[in-house]
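K.L.:
Next comes input.cif, mmCIF, C-alpha atoms:
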```cif
data_run
loop_
_atom_site.label_atom_id
_atom_site.label_comp_id
_atom_site.auth_asym_id
_atom_site.auth_seq_id
_atom_site.Cartn_x
_atom_site.Cartn_y
_atom_site.Cartn_z
CA MET A 623 158.48 89.19 54.08
CA ASP A 624 157.08 92.60 53.20
CA PHE A 625 155.15 94.28 56.05
CA GLU A 626 154.77 97.58 54.29
CA PHE A 627 151.02 97.08 53.96
CA LEU A 628 150.75 97.35 57.76
CA TYR A 629 151.74 100.99 57.47
CA ARG A 630 149.17 101.88 54.89
CA VAL A 631 146.72 104.53 56.09
CA PHE A 632 143.04 103.70 56.10
CA LEU A 633 140.42 106.17 57.45
CA GLY A 634 143.12 108.18 59.20
CA ASN A 635 144.86 105.23 60.90
CA ARG A 636 147.48 102.72 59.85
CA ILE A 637 146.51 99.09 59.61
CA ILE A 638 148.99 98.28 62.36
CA ASP A 639 147.16 100.77 64.57
CA TYR A 640 143.95 98.84 63.99
CA LEU A 641 145.70 95.58 64.89
CA VAL A 642 147.15 97.09 68.08
CA SER A 643 143.70 98.40 69.03
CA LEU A 644 142.13 95.00 68.36
CA SER A 645 144.87 93.24 70.35
CA ALA A 646 144.33 95.63 73.26
CA LEU A 647 140.59 94.89 73.11
CA VAL A 648 141.08 91.10 73.11
CA LEU A 649 143.68 91.26 75.89
CA GLY A 650 141.46 93.57 77.95
CA LEU A 651 138.45 91.29 77.54
CA LEU A 652 140.51 88.27 78.61
CA VAL A 653 141.84 90.09 81.69
CA VAL A 654 138.33 91.21 82.63
CA LYS A 655 137.01 87.66 82.11
CA VAL A 656 139.62 86.23 84.48
CA PHE A 657 139.02 89.04 87.00
CA VAL A 658 135.25 88.51 86.88
CA PHE A 659 135.65 84.75 87.25
CA ILE A 660 137.86 85.09 90.35
CA LEU A 661 135.60 87.64 92.02
CA ALA A 662 132.45 85.67 91.13
CA ARG A 663 133.87 82.61 92.92
CA ARG A 664 134.68 84.70 95.99
CA PHE A 665 131.20 86.19 96.02
CA SER A 666 129.61 82.76 95.75
CA LYS A 667 131.72 81.47 98.69
CA SER A 668 130.84 84.46 100.85
CA ALA A 669 127.15 84.02 99.96
CA VAL A 670 127.30 80.42 101.21
CA LYS A 671 128.97 81.44 104.47
CA SER A 672 126.83 84.49 105.10
CA ALA A 673 123.20 85.32 104.32
CA ALA A 674 123.68 89.03 105.07
CA ALA A 675 121.72 91.45 102.90
CA PHE A 676 124.83 93.58 102.37
CA ASP A 677 126.61 90.66 100.68
CA GLY A 678 123.66 90.34 98.31
CA LEU A 679 123.87 94.07 97.57
CA LEU A 680 127.59 93.79 96.73
CA ALA A 681 126.90 90.82 94.47
CA ARG A 682 124.17 92.71 92.58
CA ILE A 683 126.38 95.80 92.21
CA PHE A 684 129.18 93.60 90.90
CA GLU A 685 126.95 91.80 88.37
CA SER A 686 124.87 94.73 87.11
CA ILE A 687 127.34 97.64 87.30
CA ILE A 688 131.00 96.66 87.72
CA VAL A 689 131.08 93.82 85.17
CA PRO A 690 129.32 95.74 82.35
CA ALA A 691 131.43 98.83 83.11
CA LEU A 692 134.67 96.82 82.80
CA PHE A 693 133.67 95.28 79.46
CA ILE A 694 132.56 98.65 78.07
CA SER A 695 135.82 100.21 79.27
CA CYS A 696 137.78 97.69 77.19
CA PHE A 697 135.93 98.77 74.04
CA TYR A 698 136.29 102.45 74.91
CA ILE A 699 140.06 102.25 75.57
CA SER A 700 140.69 100.30 72.38
CA VAL A 701 138.69 102.81 70.32
CA LYS A 702 140.45 105.80 71.93
CA MET A 703 143.79 104.35 70.73
CA LEU A 704 142.73 105.23 67.18
CA LYS A 705 142.49 108.62 65.56
CA MET A 706 138.87 109.46 64.93
CA PRO A 707 137.13 112.30 63.14
CA ALA A 708 136.04 115.13 65.43
CA GLY A 709 132.34 114.24 65.10
CA LEU A 710 132.91 110.57 65.87
CA GLU A 711 135.14 111.36 68.86
CA SER A 712 132.53 113.75 70.22
CA ALA A 713 129.87 111.04 69.87
CA ALA A 714 132.13 108.57 71.70
CA ASN A 715 132.59 111.05 74.56
CA ILE A 716 128.83 111.59 74.80
CA ILE A 717 128.26 107.81 74.91
CA GLU A 718 130.91 107.52 77.62
CA LEU A 719 129.23 110.26 79.67
CA GLY A 720 125.85 108.65 79.17
CA LEU A 721 127.10 105.27 80.38
CA ILE A 722 128.77 106.79 83.45
CA THR A 723 125.54 108.63 84.29
CA LEU A 724 123.53 105.45 83.76
CA PHE A 725 125.72 103.36 86.06
CA ALA A 726 125.81 106.10 88.72
CA ALA A 727 122.00 106.38 88.73
CA ARG A 728 121.60 102.60 88.95
CA LEU A 729 124.05 102.49 91.86
CA ALA A 730 122.12 105.25 93.69
CA VAL A 731 118.80 103.41 93.18
CA MET A 732 120.26 100.12 94.43
CA LEU A 733 121.69 101.78 97.55
CA LEU A 734 118.36 103.49 98.27
CA GLU A 735 116.54 100.18 97.86
CA TYR A 736 118.98 98.50 100.27
CA VAL A 737 118.49 101.25 102.88
CA LEU A 738 114.70 100.95 102.50
CA LYS A 739 114.75 97.16 102.99
CA LEU A 740 117.07 97.51 105.98
CA TYR A 741 114.67 100.05 107.56
CA LEU A 742 111.64 97.82 106.93
CA SER A 743 113.40 94.77 108.42
CA LYS A 744 113.74 96.68 111.71
CA LYS A 745 110.07 97.71 111.69
CA GLY A 746 108.67 94.18 111.38
CA ASP A 747 105.53 93.25 109.43
CA ASP A 748 103.96 96.70 109.20
CA ILE A 749 101.87 96.37 106.01
CA THR A 750 100.87 100.04 105.95
CA LEU A 751 104.46 101.23 106.28
CA MET A 752 105.69 98.74 103.67
CA ARG A 753 103.11 99.85 101.13
CA SER A 754 103.71 103.54 101.84
CA LEU A 755 107.50 103.32 101.60
CA ASP A 756 107.24 101.22 98.46
CA GLY A 757 105.18 103.94 96.80
CA MET A 758 107.56 106.62 98.03
CA PHE A 759 110.54 104.62 96.76
CA HIS A 760 109.11 104.67 93.22
CA VAL A 761 108.78 108.46 93.42
CA VAL A 762 112.38 108.80 94.69
CA LYS A 763 113.61 106.42 91.98
CA TYR A 764 112.03 108.54 89.24
CA LEU A 765 113.52 111.63 90.88
CA VAL A 766 117.01 110.07 90.80
CA TRP A 767 116.66 109.25 87.10
CA ALA A 768 115.36 112.77 86.41
CA ILE A 769 118.38 114.32 88.16
CA ALA A 770 120.70 111.97 86.26
CA LEU A 771 119.09 113.03 82.95
CA ILE A 772 119.46 116.73 83.84
CA ILE A 773 123.14 116.25 84.73
CA PHE A 774 123.74 114.36 81.48
CA LEU A 775 122.04 117.02 79.35
CA ASP A 776 123.87 119.81 81.16
CA ASN A 777 127.26 118.17 80.53
CA THR A 778 126.49 117.64 76.85
CA GLY A 779 125.88 121.35 76.29
CA PHE A 780 122.11 121.68 76.63
CA LYS A 781 120.85 124.77 78.45
CA VAL A 782 118.83 123.09 81.20
CA SER A 783 118.78 126.14 83.51
CA THR A 784 115.96 127.73 81.48
CA ILE A 785 113.95 124.51 81.58
CA ILE A 786 114.46 124.14 85.34
CA ALA A 787 113.42 127.74 85.94
CA GLY A 788 110.26 127.19 83.90
CA LEU A 789 109.49 124.03 85.83
CA GLY A 790 110.04 125.92 89.11
CA VAL A 791 107.52 128.62 88.18
CA GLY A 792 105.06 125.99 87.02
CA GLY A 793 105.60 124.02 90.22
CA VAL A 794 104.78 127.05 92.36
CA ALA A 795 101.59 127.63 90.37
CA VAL A 796 100.57 124.00 90.76
CA ALA A 797 101.37 124.07 94.50
CA ILE A 798 99.18 127.15 95.03
CA SER A 799 96.27 125.62 93.15
CA ALA A 800 96.59 122.29 94.97
CA GLN A 801 97.22 123.41 98.54
CA THR A 802 94.59 121.12 100.04
CA LEU A 803 95.90 118.11 98.13
CA LEU A 804 99.46 118.84 99.21
CA LYS A 805 98.40 119.27 102.86
CA ASP A 806 96.72 115.85 102.74
CA PHE A 807 99.82 114.42 101.05
CA PHE A 808 102.18 115.65 103.78
CA SER A 809 99.67 114.63 106.46
CA TYR A 810 99.82 111.14 104.95
CA PHE A 811 103.57 110.96 105.56
CA SER A 812 103.01 112.27 109.08
CA ILE A 813 100.58 109.41 109.72
CA VAL A 814 102.91 106.82 108.15
CA PHE A 815 106.05 107.79 110.05
CA ASP A 816 104.61 109.15 113.32
CA LYS A 817 102.06 106.29 113.42
CA PRO A 818 99.28 107.73 115.64
CA PHE A 819 97.24 104.80 114.30
CA LYS A 820 97.50 102.05 111.72
CA ILE A 821 95.21 99.66 109.86
CA GLY A 822 93.14 97.59 112.32
CA ASP A 823 93.22 100.16 115.15
CA PHE A 824 89.97 101.29 116.79
CA ILE A 825 89.95 105.08 116.94
CA ILE A 826 87.60 107.88 117.97
CA ILE A 827 87.61 111.27 116.21
CA GLY A 828 85.14 113.69 117.76
CA ASP A 829 81.71 112.05 117.57
CA PHE A 830 82.86 109.36 115.13
CA MET A 831 84.44 106.01 115.94
CA GLY A 832 85.45 102.87 114.13
CA THR A 833 88.22 100.58 112.87
CA VAL A 834 90.82 101.90 110.42
CA GLU A 835 90.53 100.02 107.11
CA TYR A 836 92.67 102.01 104.68
CA ILE A 837 95.25 104.81 104.82
CA GLY A 838 95.65 106.55 101.47
CA ILE A 839 97.62 109.49 100.16
CA LYS A 840 94.61 111.83 100.47
CA THR A 841 92.02 110.08 102.65
CA THR A 842 91.75 107.51 105.44
CA ARG A 843 88.76 105.17 105.65
CA VAL A 844 87.24 104.01 108.92
CA ARG A 845 84.56 101.32 109.36
CA SER A 846 82.11 102.52 112.01
CA LEU A 847 80.34 100.33 114.55
CA GLY A 848 77.13 100.80 112.57
CA GLY A 849 78.75 99.28 109.48
CA GLU A 850 79.05 102.35 107.27
CA GLN A 851 82.39 103.57 106.00
CA LEU A 852 83.62 106.94 107.27
CA ILE A 853 86.04 108.81 105.00
CA PHE A 854 88.32 111.46 106.52
CA SER A 855 90.88 113.64 104.78
CA ASN A 856 94.34 113.09 106.24
CA THR A 857 94.57 116.76 107.21
CA ASP A 858 91.37 116.44 109.28
CA LEU A 859 92.89 113.54 111.19
CA THR A 860 96.25 115.18 111.90
CA ASP A 861 94.48 118.38 112.98
CA SER A 862 92.08 116.50 115.31
CA ARG A 863 92.44 114.82 118.67
CA VAL A 864 92.45 111.12 117.83
CA ARG A 865 91.87 108.56 120.58
CA ASN A 866 93.46 105.22 119.71
CA TYR A 867 92.05 102.39 121.82
CA LYS A 868 94.29 99.78 120.18
CA LEU A 869 97.30 101.33 121.93
CA MET A 870 95.58 101.28 125.31
CA GLU A 871 97.32 98.89 127.71
CA LYS A 872 94.49 98.90 130.24
CA ARG A 873 91.02 100.43 130.42
CA ARG A 874 89.94 102.45 133.46
CA VAL A 875 86.33 101.73 134.41
CA LEU A 876 84.21 103.83 136.77
CA PHE A 877 80.67 102.86 137.68
CA ARG A 878 78.16 103.83 140.37
CA ILE A 879 75.32 101.96 142.03
CA GLY A 880 72.63 103.21 144.39
CA VAL A 881 70.99 101.47 147.35
CA THR A 882 67.89 102.54 149.25
CA TYR A 883 67.97 104.96 152.17
CA GLN A 884 66.39 102.25 154.34
CA THR A 885 69.57 100.15 154.19
CA PRO A 886 71.05 99.73 157.72
CA LEU A 887 74.43 101.30 158.45
CA ASP A 888 76.15 97.96 159.09
CA LYS A 889 75.01 96.75 155.66
CA LEU A 890 76.28 99.95 154.02
CA LYS A 891 79.73 99.43 155.54
CA GLN A 892 79.90 95.95 153.96
CA VAL A 893 79.27 97.15 150.39
CA PRO A 894 82.81 98.49 149.50
CA ALA A 895 84.54 95.32 150.74
CA MET A 896 81.91 93.19 149.01
CA ILE A 897 82.55 94.89 145.65
CA GLU A 898 86.33 94.63 146.13
CA ARG A 899 86.11 90.87 146.68
CA ILE A 900 83.94 90.45 143.60
CA ILE A 901 86.26 92.38 141.28
CA LYS A 902 89.42 90.68 142.54
CA LYS A 903 87.94 87.27 141.69
CA VAL A 904 87.41 88.27 138.03
CA PRO A 905 90.44 87.49 135.78
CA ASP A 906 92.23 90.30 133.91
CA THR A 907 91.10 93.03 136.31
CA ALA A 908 92.91 95.29 138.77
CA PHE A 909 90.83 96.72 141.62
CA ASP A 910 91.44 100.38 142.49
CA ARG A 911 88.81 101.60 144.98
CA ALA A 912 85.18 101.44 146.13
CA HIS A 913 83.59 104.13 148.36
CA PHE A 914 80.30 105.43 149.67
CA PHE A 915 80.28 108.38 147.30
CA SER A 916 77.33 110.63 148.08
CA TYR A 917 73.73 111.04 149.13
CA GLY A 918 71.57 111.11 146.02
CA ASP A 919 68.05 112.36 145.49
CA PHE A 920 66.58 108.91 146.09
CA SER A 921 69.60 106.63 146.81
CA LEU A 922 72.86 106.20 148.67
CA ILE A 923 75.50 106.16 145.91
CA PHE A 924 78.64 103.96 145.87
CA GLU A 925 81.42 104.69 143.36
CA THR A 926 83.84 101.98 142.15
CA VAL A 927 86.97 102.19 140.00
CA TYR A 928 88.87 99.24 138.51
CA TYR A 929 91.00 98.45 135.44
CA VAL A 930 90.48 95.97 132.64
CA LEU A 931 93.90 94.63 131.56
CA GLY A 932 93.58 95.01 127.81
CA PRO A 933 92.08 97.30 125.16
CA ASP A 934 89.39 94.97 123.77
CA TYR A 935 85.92 96.50 124.20
CA ASN A 936 84.07 93.18 124.12
CA LYS A 937 86.32 91.86 126.87
CA TYR A 938 85.54 94.94 128.97
CA MET A 939 81.79 94.43 128.49
CA ASP A 940 82.03 90.72 129.42
CA ILE A 941 83.91 91.60 132.62
CA GLN A 942 81.48 94.38 133.56
CA GLN A 943 78.56 92.03 132.99
CA GLU A 944 80.15 89.38 135.22
CA ILE A 945 80.71 91.98 137.97
CA ASN A 946 77.11 93.21 137.71
CA PHE A 947 75.74 89.69 138.03
CA ALA A 948 77.96 89.01 141.06
CA ILE A 949 76.92 92.29 142.80
CA LYS A 950 73.25 91.49 142.22
CA SER A 951 73.74 88.01 143.69
CA GLU A 952 75.61 89.29 146.78
CA PHE A 953 73.06 92.05 147.43
CA GLU A 954 70.22 89.53 147.34
CA LYS A 955 72.04 87.24 149.80
CA ASN A 956 72.64 90.11 152.22
CA GLY A 957 69.22 91.75 151.90
CA ILE A 958 70.53 94.95 150.28
CA LYS A 959 68.11 96.57 147.86
CA PHE A 960 68.95 98.68 144.82
CA ALA A 961 67.30 102.08 144.76
CA PHE A 962 65.02 103.28 142.04
CA PRO A 963 63.51 106.73 141.50
CA THR A 964 60.91 107.41 144.16
CA GLN A 965 59.27 110.43 145.70
CA THR A 966 57.60 110.77 149.12
CA LEU A 967 54.74 113.28 149.40
CA TYR A 968 53.81 114.66 152.80
CA VAL A 969 50.19 115.88 152.88
CA GLN A 970 49.25 118.19 155.73
CA LYS A 971 45.58 118.36 156.64
CA ASN A 972 44.19 121.66 157.90
#
```
Mind turning this structure into structure tokens?
P.N.:
Amino acid sequence: MDFEFLYRVFLGNRIIDYLVSLSALVLGLLVVKVFVFILARRFSKSAVKSAAAFDGLLARIFESIIVPALFISCFYISVKMLKMPAGLESAANIIELGLITLFAARLAVMLLEYVLKLYLSKKGDDITLMRSLDGMFHVVKYLVWAIALIIFLDNTGFKVSTIIAGLGVGGVAVAISAQTLLKDFFSYFSIVFDKPFKIGDFIIIGDFMGTVEYIGIKTTRVRSLGGEQLIFSNTDLTDSRVRNYKLMEKRRVLFRIGVTYQTPLDKLKQVPAMIERIIKKVPDTAFDRAHFFSYGDFSLIFETVYYVLGPDYNKYMDIQQEINFAIKSEFEKNGIKFAFPTQTLYVQKN
């Protein structure tokens, strides 16, 4: 049998060279198929035994990066076994570089996504943080792809240094013209990660107070007690003294009452103990002190301090109201009168 035709040259390669290349491709694909099948079974078994997020990450990397890379490698190796024109070989090398860059960028994005989810799982159900990090992740993802594109272009012979320098000068110009916007942007990340407050917290900024409704990249919106919406720039908030009542574990309450100067001494001595008993009977309170504080212009003043165990303002008002009612009742039983503004005029007759 004559096999001379196998040694005939076609497009720079012998026919036998084409057959060897094709055989290498088929054999490589079969080996990869078997390898993928074995590893896929192992991954499925480990997924049944463990629900760990890292196992899911490995499975996704295997399916979306390793498997396609192995199949593409089979084609690339089989093609490289043949002699190709210089232009075609250069194109093959560029495609190879492009695929490597693509897979590397995808791997970086997947790892960043895994780290982000791991961080969020430790922070619990923080909606503000989740939304903020999700937006930031999209920015970082685009940045990764941009860097990958620059590396690819640089390795294919493009002069990217001039482009980067131009972008740098343009970036400085944009930063100078948008200083306020950038300050609010960085203040936003300060609020998100430092968390002086979050959505649902009741805060006071200077003369303004209300409940935080929205935290944006440039502004934060607060619903005031009067119902209107207050809009603050993030820089204003980070530069101000913010009082967050949602984080308050207990509320210190100080109040004063005045009784008339005609009250007998033995009755005055009963007032501090009387107030102490009243406050200790009210749930969610911690009594601190009650004293005869001072002599006022028209009353004898008693000062009382106690704590409400919780930050809720309505709860504090309910407790204070209950204490006021009880003090009024006890004073009436014991014949102690509250003072009110009075003046005594002494008229001297000549």
K.L.:
Taking the file as I've supplied it (selection: the PyMOL selection byres ((chain A and resi 892) around 12)), which residues are included? Please answer as a list in words.
P.N.:
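On the file shown, the PyMOL selection byres ((chain A and resi 892) around 12) covers Thr885, Pro886, Leu887, Asp888, Lys889, Leu890, Lys891, Val893, Pro894, Ala895, Met896, Ile897, Glu898, Arg899, Ala912, His913, Phe914, Phe924, Glu952, Phe953, Asn956, Gly957 and Ile958 of chain A.
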K.L.:
Can you work out the spacing between atom CA of Met870 of chain A and atom CA of Pro905 of chain A in Å, to one decimal?
P.N.:
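Here the two named atoms are 18.1 Å from each other.
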K.L.:
Quick one: distance from atom CA of Asp861 of chain A to atom CA of Val875 of chain A in Å, one decimal?
P.N.:
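Going from atom CA of Asp861 of chain A over to atom CA of Val875 of chain A covers 28.3 Å.
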K.L.:
Distance cut-off 10 Å, centre (85.4, 93.1, 139.8) in file coordinates, counting all atoms listed in the file: which residues qualify? Return them as a list in words.
P.N.:
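Residues with an atom close enough to that point: Met896, Ile897, Glu898, Arg899, Ile900, Ile901, Lys902, Lys903, Val904, Pro905, Asp906, Thr907, Ala908, Phe909, Asp910, Thr926, Val927, Tyr928, Tyr929, Val930, Ile941, Gln942, Gln943, Glu944, Ile945, Asn946, Ala948 and Ile949 of chain A.
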K.L.:
Which residue, A:Val881, A:Glu850, A:Met706, A:Thr857, has the smallest gap to Glu954 of chain A when you use all atoms listed in the file?
P.N.:
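Among the listed residues, A:Val881 lies closest to Glu954 of chain A.
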K.L.:
Between A:Ile722, A:Val814, A:Leu859, A:Leu733, which residue has the minimum interatomic distance to Phe830 of chain A, considering all atoms listed in the file?
P.N.:
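Of A:Ile722, A:Val814, A:Leu859, A:Leu733, the one nearest Phe830 of chain A, counting all atoms listed in the file, is A:Leu859.
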K.L.:
Ile827 of chain A: which residues within 10 Å, counting only C-alpha atoms, same-chain residues fewer than 3 positions away excluded, as number ranges by chain?
P.N.:
A: 830-832, 854, 858-859, 862-866
K.L.:
Please list as a list in words every residue within 8 Å of segment 768-774 of chain A, counting only C-alpha atoms and excluding residues in the same chain fewer than 5 positions away.
P.N.:
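That gives Leu719, Gly720, Thr723, Leu724, Ala727 and Val782 of chain A.
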K.L.:
Using only C-alpha atoms, which residue out of A:Ser643, A:Ile879, A:Trp767, A:Val762 lies closest to Leu734 of chain A?
P.N.:
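Between A:Ser643, A:Ile879, A:Trp767, A:Val762, the residue approaching Leu734 of chain A most closely is A:Val762.
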K.L.:
Quote the spacing between atom CA of Leu869 of chain A and atom CA of Ile821 of chain A in Å to one decimal place.
P.N.:
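So the answer is 12.4 Å.
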K.L.:
Could you check the closest approach to Ala726 of chain A for each of A:Ile923, A:Ile688, A:Leu710, A:Ile699 and tell me which residue wins, using only C-alpha atoms?
P.N.:
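For Ala726 of chain A, the nearest of the candidates is A:Ile688.
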K.L.:
Got a sec to check which residues sit within 6 Å of (142.0, 96.6, 72.6), counting all atoms listed in the file, and write them as a ChimeraX atom specification?
P.N.:
/A:643-648,700
K.L.:
So what does the PyMOL selection byres ((chain A and resi 963) around 9) actually pick up in this one, as a PyMOL selection string?
P.N.:
chain A and resi 919-921+961-962+964-965
K.L.:
With C-alpha atoms retained, could you export that selection as a PDB file, in the frame of the given file?
P.N.:
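Below is the file that was written, out_0.pdb:
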```pdb
ATOM      1  CA  ASP A 919      68.050 112.360 145.490  1.00  0.00           C
ATOM      2  CA  PHE A 920      66.580 108.910 146.090  1.00  0.00           C
ATOM      3  CA  SER A 921      69.600 106.630 146.810  1.00  0.00           C
ATOM      4  CA  ALA A 961      67.300 102.080 144.760  1.00  0.00           C
ATOM      5  CA  PHE A 962      65.020 103.280 142.040  1.00  0.00           C
ATOM      6  CA  THR A 964      60.910 107.410 144.160  1.00  0.00           C
ATOM      7  CA  GLN A 965      59.270 110.430 145.700  1.00  0.00           C
TER       8      GLN A 965
END
```
K.L.:
Need the axis-aligned box for segment 887-897 of chain A with 4 Å each side, so what are the centre and edges in Å to one decimal, as JSON?
P.N.:
```
{"center_x": 79.5, "center_y": 97.2, "center_z": 152.4, "size_x": 18.1, "size_y": 16.1, "size_z": 21.4}
```
K.L.:
Taking the file as I've supplied it (selection: the PyMOL selection byres ((chain A and resi 690) around 12)), which residues are included? Please answer as a list in words.
P.N.:
Leu651, Val654, Lys655, Val658, Arg682, Ile683, Phe684, Glu685, Ser686, Ile687, Ile688, Val689, Ala691, Leu692, Phe693, Ile694, Ser695, Cys696, Phe697, Leu721, Ile722, Leu724 and Phe725 of chain A
K.L.:
When distances are computed from all atoms listed in the file, which of A:Tyr938, A:Ser809, A:Met703, A:Leu922 shows the smallest separation from Val642 of chain A?
P.N.:
A:Met703
K.L.:
Find the spatial neighbours of segment 840-849 of chain A, counting only C-alpha atoms, within a cut-off of 7 Å - ignore same-chain residues fewer than 6 positions away - and output them as a PyMOL selection string.
P.N.:
chain A and resi 803+806-807+810+831-834+855-856
K.L.:
Residues as selected, C-alpha atoms, written as a PDB file, in the coordinates of the input, can you do that?
P.N.:
```pdb
ATOM      1  CA  LEU A 803      95.900 118.110  98.130  1.00  0.00           C
ATOM      2  CA  ASP A 806      96.720 115.850 102.740  1.00  0.00           C
ATOM      3  CA  PHE A 807      99.820 114.420 101.050  1.00  0.00           C
ATOM      4  CA  TYR A 810      99.820 111.140 104.950  1.00  0.00           C
ATOM      5  CA  MET A 831      84.440 106.010 115.940  1.00  0.00           C
ATOM      6  CA  GLY A 832      85.450 102.870 114.130  1.00  0.00           C
ATOM      7  CA  THR A 833      88.220 100.580 112.870  1.00  0.00           C
ATOM      8  CA  VAL A 834      90.820 101.900 110.420  1.00  0.00           C
ATOM      9  CA  SER A 855      90.880 113.640 104.780  1.00  0.00           C
ATOM     10  CA  ASN A 856      94.340 113.090 106.240  1.00  0.00           C
TER      11      ASN A 856
END
```
